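Here's the structure we're looking at; comments come further down.
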Amino acid sequence: MGKTEIKSLSLPALQEEMERMGEKKFRGGQLYEWMHKKLARDFLEMTNLSFSLRKKCGEHFEMTTLYPVKVQESKADGTKKFLFELPDHNLVESVLMKYRHGNSVCISSQAGCRMGCRFCASTLGGLVRNLTAAEMLEQVYGIIRHTGERVSNVVVMGIGEPLDNRENLLRFIRMLTDDQGLHISQRSITVSTCGLAPEIKKLAEEKLQITLALSLHGVSDEKRKKLMPIAEKYGITELMDACRYYFEKTGRRITFEYALAGGVNDTKEDAEGLITLARSLHAHVNLIPINPVRERDFTPSGKEAVRAFQKKLEEAGVNATLRREMGRDIDGACGQLRRNYAKAEGGGNSAAAAKPED
Ligand code: SAH
């Protein structure tokens, strides 16, 4: 059997492990603090623990630490994109965005993705595997170690479908918000889903204060099906029911993400459909001019069309923000992240990185 991965263990689980190893329970707290507050990379750094305990831990546990194998920085706005290598040599990407109100990190939840959205690059090679809680945490920790920046917001909007990896996602959220760790507030975390209706309901039961973002992108089942295969499985009515349930259980408003593709979903009728859906849920709408992906053939709506679309929503009293374009020059945009080194190097995408304005 493989060794237990220590950075995915909650504090109580780690304390238990210590006792099982014949150590004092409080050692678990010390180890936890080293890993999740001081962001230690290995046991050697944990200098207030005896050498023999560190050695014993090294024999007993495996520890995941991620190092960026490539970092790109936008000259325009300082957005940074990190390519991280996982312990099994798979690759994922993460992004650091700087805002006036604080820094935001966008992390990946899976190596690859099986949802198949037709406008997204992350899904092109299919799903390889789920990321562990440690691998999600380490994307945040690795960025902090590399940049020395503070991180106030975390969005799970990188590669992968987070609700297709629920157990690890929940563990990640609990550990990221733990006061023995980075202690990021739940309200500063956003999880984005392509719309797994039953999973949205399950997540509602956790009664977390995180923001749930639904990738809507189309206001009829017909249109959605053209863009997202998952729409074949869960229709808009079922999705809206799940979102309403989430809102009622948690009191948290849903965000609709809506990527505007020229001539596909940016007409007056689309805006009207979106208004109806957003009103029924008191949802906030986040508009994103679609980011072109080499292998896909959607083009972003023109500036005028975007502006007209947004204006229509606002006139109807729907709260709609347009994502600020960030990192235009580094291919760090929504739907452009990839798990493949060669492709990540390709640089064929010239689209803007677009992240929430909020
Ligand atoms: N699987 C999750 C999270 C990852 S994608 C989800 O689907 O929500 C994060 C956001 O980027 C989603 O709203 C997704 O639909 C959007 N996205 C994907 N490709 C895009 C593209 N080419 N242009 C703009 N947004 C895109």
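Identifiers in the structure tokens: chain A, B, ... in order shown; residue index from 1 per chain; ligand index from 1 in order shown.
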Q. If we count only C-alpha atoms, what is near A:Met136 at a cut-off of 10 Å, once residues fewer than 2 positions away on the same chain are taken out, given as a VMD selection string?
A. chain A and resid 8 66 94 107 to 110 131 to 134 138 to 141 156 168 to 169 171 to 173 176
Using N, CA, C and O atoms, can you write the selected residues to a file as a short mmCIF file (atom, residue, chain, number, x, y, z; two decimals), in the first residue's frame?
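In the end it all went to out.cif:
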```cif
data_model
loop_
_atom_site.label_atom_id
_atom_site.label_comp_id
_atom_site.auth_asym_id
_atom_site.auth_seq_id
_atom_site.Cartn_x
_atom_site.Cartn_y
_atom_site.Cartn_z
N SER A 8 -3.33 16.24 2.56
CA SER A 8 -4.78 16.15 2.34
C SER A 8 -5.52 15.80 3.63
O SER A 8 -6.74 15.71 3.64
N LEU A 66 3.87 21.41 -4.73
CA LEU A 66 3.91 21.73 -6.16
C LEU A 66 4.86 22.88 -6.44
O LEU A 66 4.89 23.87 -5.71
N SER A 94 -2.72 27.31 -13.20
CA SER A 94 -3.40 28.16 -12.22
C SER A 94 -3.04 29.60 -12.56
O SER A 94 -2.02 29.85 -13.18
N ILE A 107 -7.80 28.20 -9.54
CA ILE A 107 -7.15 26.89 -9.50
C ILE A 107 -7.88 25.84 -10.35
O ILE A 107 -9.06 25.98 -10.65
N SER A 108 -7.17 24.80 -10.69
CA SER A 108 -7.74 23.67 -11.41
C SER A 108 -8.18 22.61 -10.40
O SER A 108 -7.56 22.46 -9.34
N SER A 109 -9.23 21.87 -10.74
CA SER A 109 -9.75 20.85 -9.83
C SER A 109 -9.55 19.42 -10.35
O SER A 109 -9.72 18.45 -9.63
N GLN A 110 -9.21 19.32 -11.64
CA GLN A 110 -8.94 18.00 -12.23
C GLN A 110 -7.80 18.14 -13.23
O GLN A 110 -7.55 19.24 -13.75
N LEU A 131 -8.00 15.84 -8.96
CA LEU A 131 -6.90 16.30 -8.12
C LEU A 131 -7.27 16.04 -6.65
O LEU A 131 -8.44 16.06 -6.29
N THR A 132 -6.27 15.78 -5.85
CA THR A 132 -6.49 15.60 -4.41
C THR A 132 -6.65 16.98 -3.77
O THR A 132 -6.32 18.00 -4.38
N ALA A 133 -7.12 16.98 -2.52
CA ALA A 133 -7.23 18.25 -1.79
C ALA A 133 -5.86 18.92 -1.70
O ALA A 133 -5.73 20.13 -1.91
N ALA A 134 -4.83 18.13 -1.44
CA ALA A 134 -3.48 18.69 -1.33
C ALA A 134 -3.04 19.35 -2.64
O ALA A 134 -2.43 20.41 -2.64
N GLU A 138 -2.12 23.14 -2.82
CA GLU A 138 -0.74 23.46 -3.20
C GLU A 138 -0.65 24.43 -4.39
O GLU A 138 0.36 25.09 -4.56
N GLN A 139 -1.70 24.50 -5.21
CA GLN A 139 -1.68 25.51 -6.28
C GLN A 139 -1.69 26.90 -5.64
O GLN A 139 -0.95 27.80 -6.05
N VAL A 140 -2.52 27.06 -4.59
CA VAL A 140 -2.58 28.34 -3.88
C VAL A 140 -1.26 28.57 -3.14
O VAL A 140 -0.64 29.64 -3.24
N TYR A 141 -0.81 27.55 -2.40
CA TYR A 141 0.42 27.70 -1.61
C TYR A 141 1.63 27.97 -2.52
O TYR A 141 2.48 28.80 -2.20
N VAL A 156 -12.51 28.42 -8.13
CA VAL A 156 -12.26 27.10 -8.70
C VAL A 156 -12.86 27.12 -10.10
O VAL A 156 -13.99 26.70 -10.33
N ASN A 168 -13.04 15.65 -2.74
CA ASN A 168 -11.78 16.38 -2.63
C ASN A 168 -12.00 17.89 -2.61
O ASN A 168 -11.30 18.62 -1.92
N LEU A 169 -13.01 18.34 -3.36
CA LEU A 169 -13.32 19.77 -3.37
C LEU A 169 -13.75 20.24 -1.98
O LEU A 169 -13.29 21.27 -1.49
N ARG A 171 -13.14 18.91 0.91
CA ARG A 171 -11.98 18.84 1.82
C ARG A 171 -11.08 20.06 1.60
O ARG A 171 -10.63 20.71 2.54
N PHE A 172 -10.87 20.38 0.33
CA PHE A 172 -10.07 21.55 -0.03
C PHE A 172 -10.67 22.83 0.57
O PHE A 172 -9.97 23.63 1.18
N ILE A 173 -11.98 22.99 0.41
CA ILE A 173 -12.64 24.21 0.92
C ILE A 173 -12.52 24.27 2.45
O ILE A 173 -12.19 25.32 3.02
N LEU A 176 -8.87 25.12 3.34
CA LEU A 176 -8.47 26.47 2.93
C LEU A 176 -9.07 27.52 3.86
O LEU A 176 -8.50 28.59 4.06
#
```
Give me, as a tab-separated table, the closest atom pair and its distance (Å, one decimal) for every residue of chain A within a cut-off of 6 Å of ligand 1, counting only C-alpha atoms and all ligand atoms, rows sorted by chain and rising number.
```
residue	atom	partner	partner_atom_place_in_ligand_line	distance
A:Phe119	CA	ligand 1	22 (N)	4.7
A:Cys120	CA	ligand 1	19 (N)	3.6
A:Met157	CA	ligand 1	9 (C)	4.1
A:Gly158	CA	ligand 1	4 (C)	5.1
A:Ile159	CA	ligand 1	4 (C)	5.6
A:Gly160	CA	ligand 1	1 (N)	5.1
A:Glu161	CA	ligand 1	1 (N)	3.6
A:Ser192	CA	ligand 1	8 (O)	4.1
A:Thr193	CA	ligand 1	8 (O)	3.6
A:Cys194	CA	ligand 1	7 (O)	3.5
A:Ser215	CA	ligand 1	13 (O)	4.3
A:Glu257	CA	ligand 1	13 (O)	5.2
A:Ala259	CA	ligand 1	24 (C)	5.1
A:Ile288	CA	ligand 1	24 (C)	5.8
A:Ile290	CA	ligand 1	23 (N)	3.7
A:Asn291	CA	ligand 1	23 (N)	3.6
A:Pro292	CA	ligand 1	22 (N)	5.3
A:Val293	CA	ligand 1	22 (N)	5.8
A:Cys334	CA	ligand 1	11 (O)	4.2
A:Gly335	CA	ligand 1	19 (N)	3.0
```
Q) So, counting only C-alpha atoms, which residue among A:Ala121, A:Cys106, A:Leu44, A:Ala213 is closest to A:Thr79? A) A:Cys106
Q | atom CA of A:Arg118 to atom CA of A:Met228, straight-line distance in Å | A | 6.1 Å
(Q) Could you list, as a PyMOL selection string, every residue within 10 Å of stretch 17-22 of chain A, counting only C-alpha atoms and ignoring same-chain residues fewer than 4 positions away? (A) chain A and resi 4+6+9+11-13+26-29+31+56-57+60
Q.
I'd like the neighbourhood of A:Gly273 as a list in words, where a residue qualifies if any of its atoms comes within 9 Å (using only C-alpha atoms), though same-chain residues fewer than 3 positions away should be ignored.
A.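 Listing them by chain and then by number gives Gly218, Val219, Ser220, Lys268, Glu269, Asp270, Thr276, Leu277 and Ala278 of chain A.
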Contacts of A:Ala242 within 6 Å, only C-alpha atoms, excl. fewer than 2 positions in-chain, as an mmCIF file with N, CA, C and O atoms, in the first residue's frame:
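Output file part-v4.cif follows:
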```cif
data_model
loop_
_atom_site.group_PDB
_atom_site.id
_atom_site.type_symbol
_atom_site.label_atom_id
_atom_site.label_comp_id
_atom_site.auth_asym_id
_atom_site.auth_seq_id
_atom_site.Cartn_x
_atom_site.Cartn_y
_atom_site.Cartn_z
ATOM 1 N N ALA A 197 -26.768 19.119 -12.090
ATOM 2 C CA ALA A 197 -27.904 19.446 -11.209
ATOM 3 C C ALA A 197 -27.913 18.661 -9.887
ATOM 4 O O ALA A 197 -28.034 19.270 -8.813
ATOM 5 N N LYS A 201 -27.397 20.217 -5.807
ATOM 6 C CA LYS A 201 -28.261 19.967 -4.641
ATOM 7 C C LYS A 201 -27.468 19.377 -3.481
ATOM 8 O O LYS A 201 -27.653 19.752 -2.333
ATOM 9 N N LEU A 239 -31.989 22.437 -13.875
ATOM 10 C CA LEU A 239 -30.877 23.237 -13.363
ATOM 11 C C LEU A 239 -31.368 24.397 -12.505
ATOM 12 O O LEU A 239 -30.807 24.679 -11.439
ATOM 13 N N MET A 240 -32.407 25.068 -12.992
ATOM 14 C CA MET A 240 -32.938 26.212 -12.240
ATOM 15 C C MET A 240 -33.510 25.745 -10.901
ATOM 16 O O MET A 240 -33.367 26.412 -9.889
ATOM 17 N N ARG A 244 -32.232 27.067 -7.395
ATOM 18 C CA ARG A 244 -33.167 27.657 -6.422
ATOM 19 C C ARG A 244 -32.994 26.962 -5.071
ATOM 20 O O ARG A 244 -32.962 27.609 -4.028
ATOM 21 N N TYR A 245 -32.853 25.672 -5.098
ATOM 22 C CA TYR A 245 -32.638 24.892 -3.883
ATOM 23 C C TYR A 245 -31.355 25.361 -3.190
ATOM 24 O O TYR A 245 -31.322 25.561 -1.975
#
```
Q. Which residue gives the smallest distance to A:Thr237 among A:Phe256, A:Gly195, A:Asp331, A:Leu96, with only C-alpha atoms counted?
A. A:Gly195
**Q.** 12 Å contact set for A:His101, only C-alpha atoms, chain neighbours under 3 positions out, as an MDAnalysis selection string
**A.** chainID A and resid 97:98 104 150:153 188 357:358
Deliver the residues from the most recent selection as a file, using C-alpha atoms, as a short mmCIF file (atom, residue, chain, number, x, y, z; two decimals), in the first residue's frame.
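Contents of the output file part.cif:
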```cif
data_model
loop_
_atom_site.label_atom_id
_atom_site.label_comp_id
_atom_site.auth_asym_id
_atom_site.auth_seq_id
_atom_site.Cartn_x
_atom_site.Cartn_y
_atom_site.Cartn_z
CA MET A 97 -4.91 38.01 -10.75
CA LYS A 98 -4.29 41.27 -8.97
CA SER A 104 -7.39 36.25 -6.58
CA ARG A 150 -1.21 37.55 -0.15
CA VAL A 151 -4.24 35.79 -1.57
CA SER A 152 -7.72 36.91 -0.52
CA ASN A 153 -9.94 35.17 -3.08
CA SER A 188 -14.15 34.68 -0.79
CA GLU A 357 -14.64 42.33 -12.20
CA ASP A 358 -16.27 42.25 -8.75
#
```
Q: May I ask which of the residues A:Asn130, A:Gln209, A:Thr147, A:Thr190 is the closest one to A:Arg166, counting only C-alpha atoms?
A: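 Looking at the shortest contact to A:Arg166, the residue is A:Asn130.
Scanning stretch 240-317 of chain A with DSSP on the backbone, the strand (DSSP E) assignments fall on Thr255, Phe256, Glu257, Tyr258, Ala259, Leu260, His284, Val285, Asn286, Leu287, Ile288 and Pro289 of chain A.
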Q | For A:Arg339: contacts at 12 Å, only C-alpha atoms, fewer than 3 positions along chain excluded, given as a PyMOL selection string | A | chain A and resi 82-86+89-94+108-113+121-129+158-160+335-336+342-345
Q: Going by DSSP on the backbone, which bits of stretch 186-314 of chain A are helix (DSSP H, G or I)? Write them as an NGL selection string, please.
A: :A and (186-188 or 197-205 or 221-227 or 229-232 or 236-250 or 268-281 or 303-314)
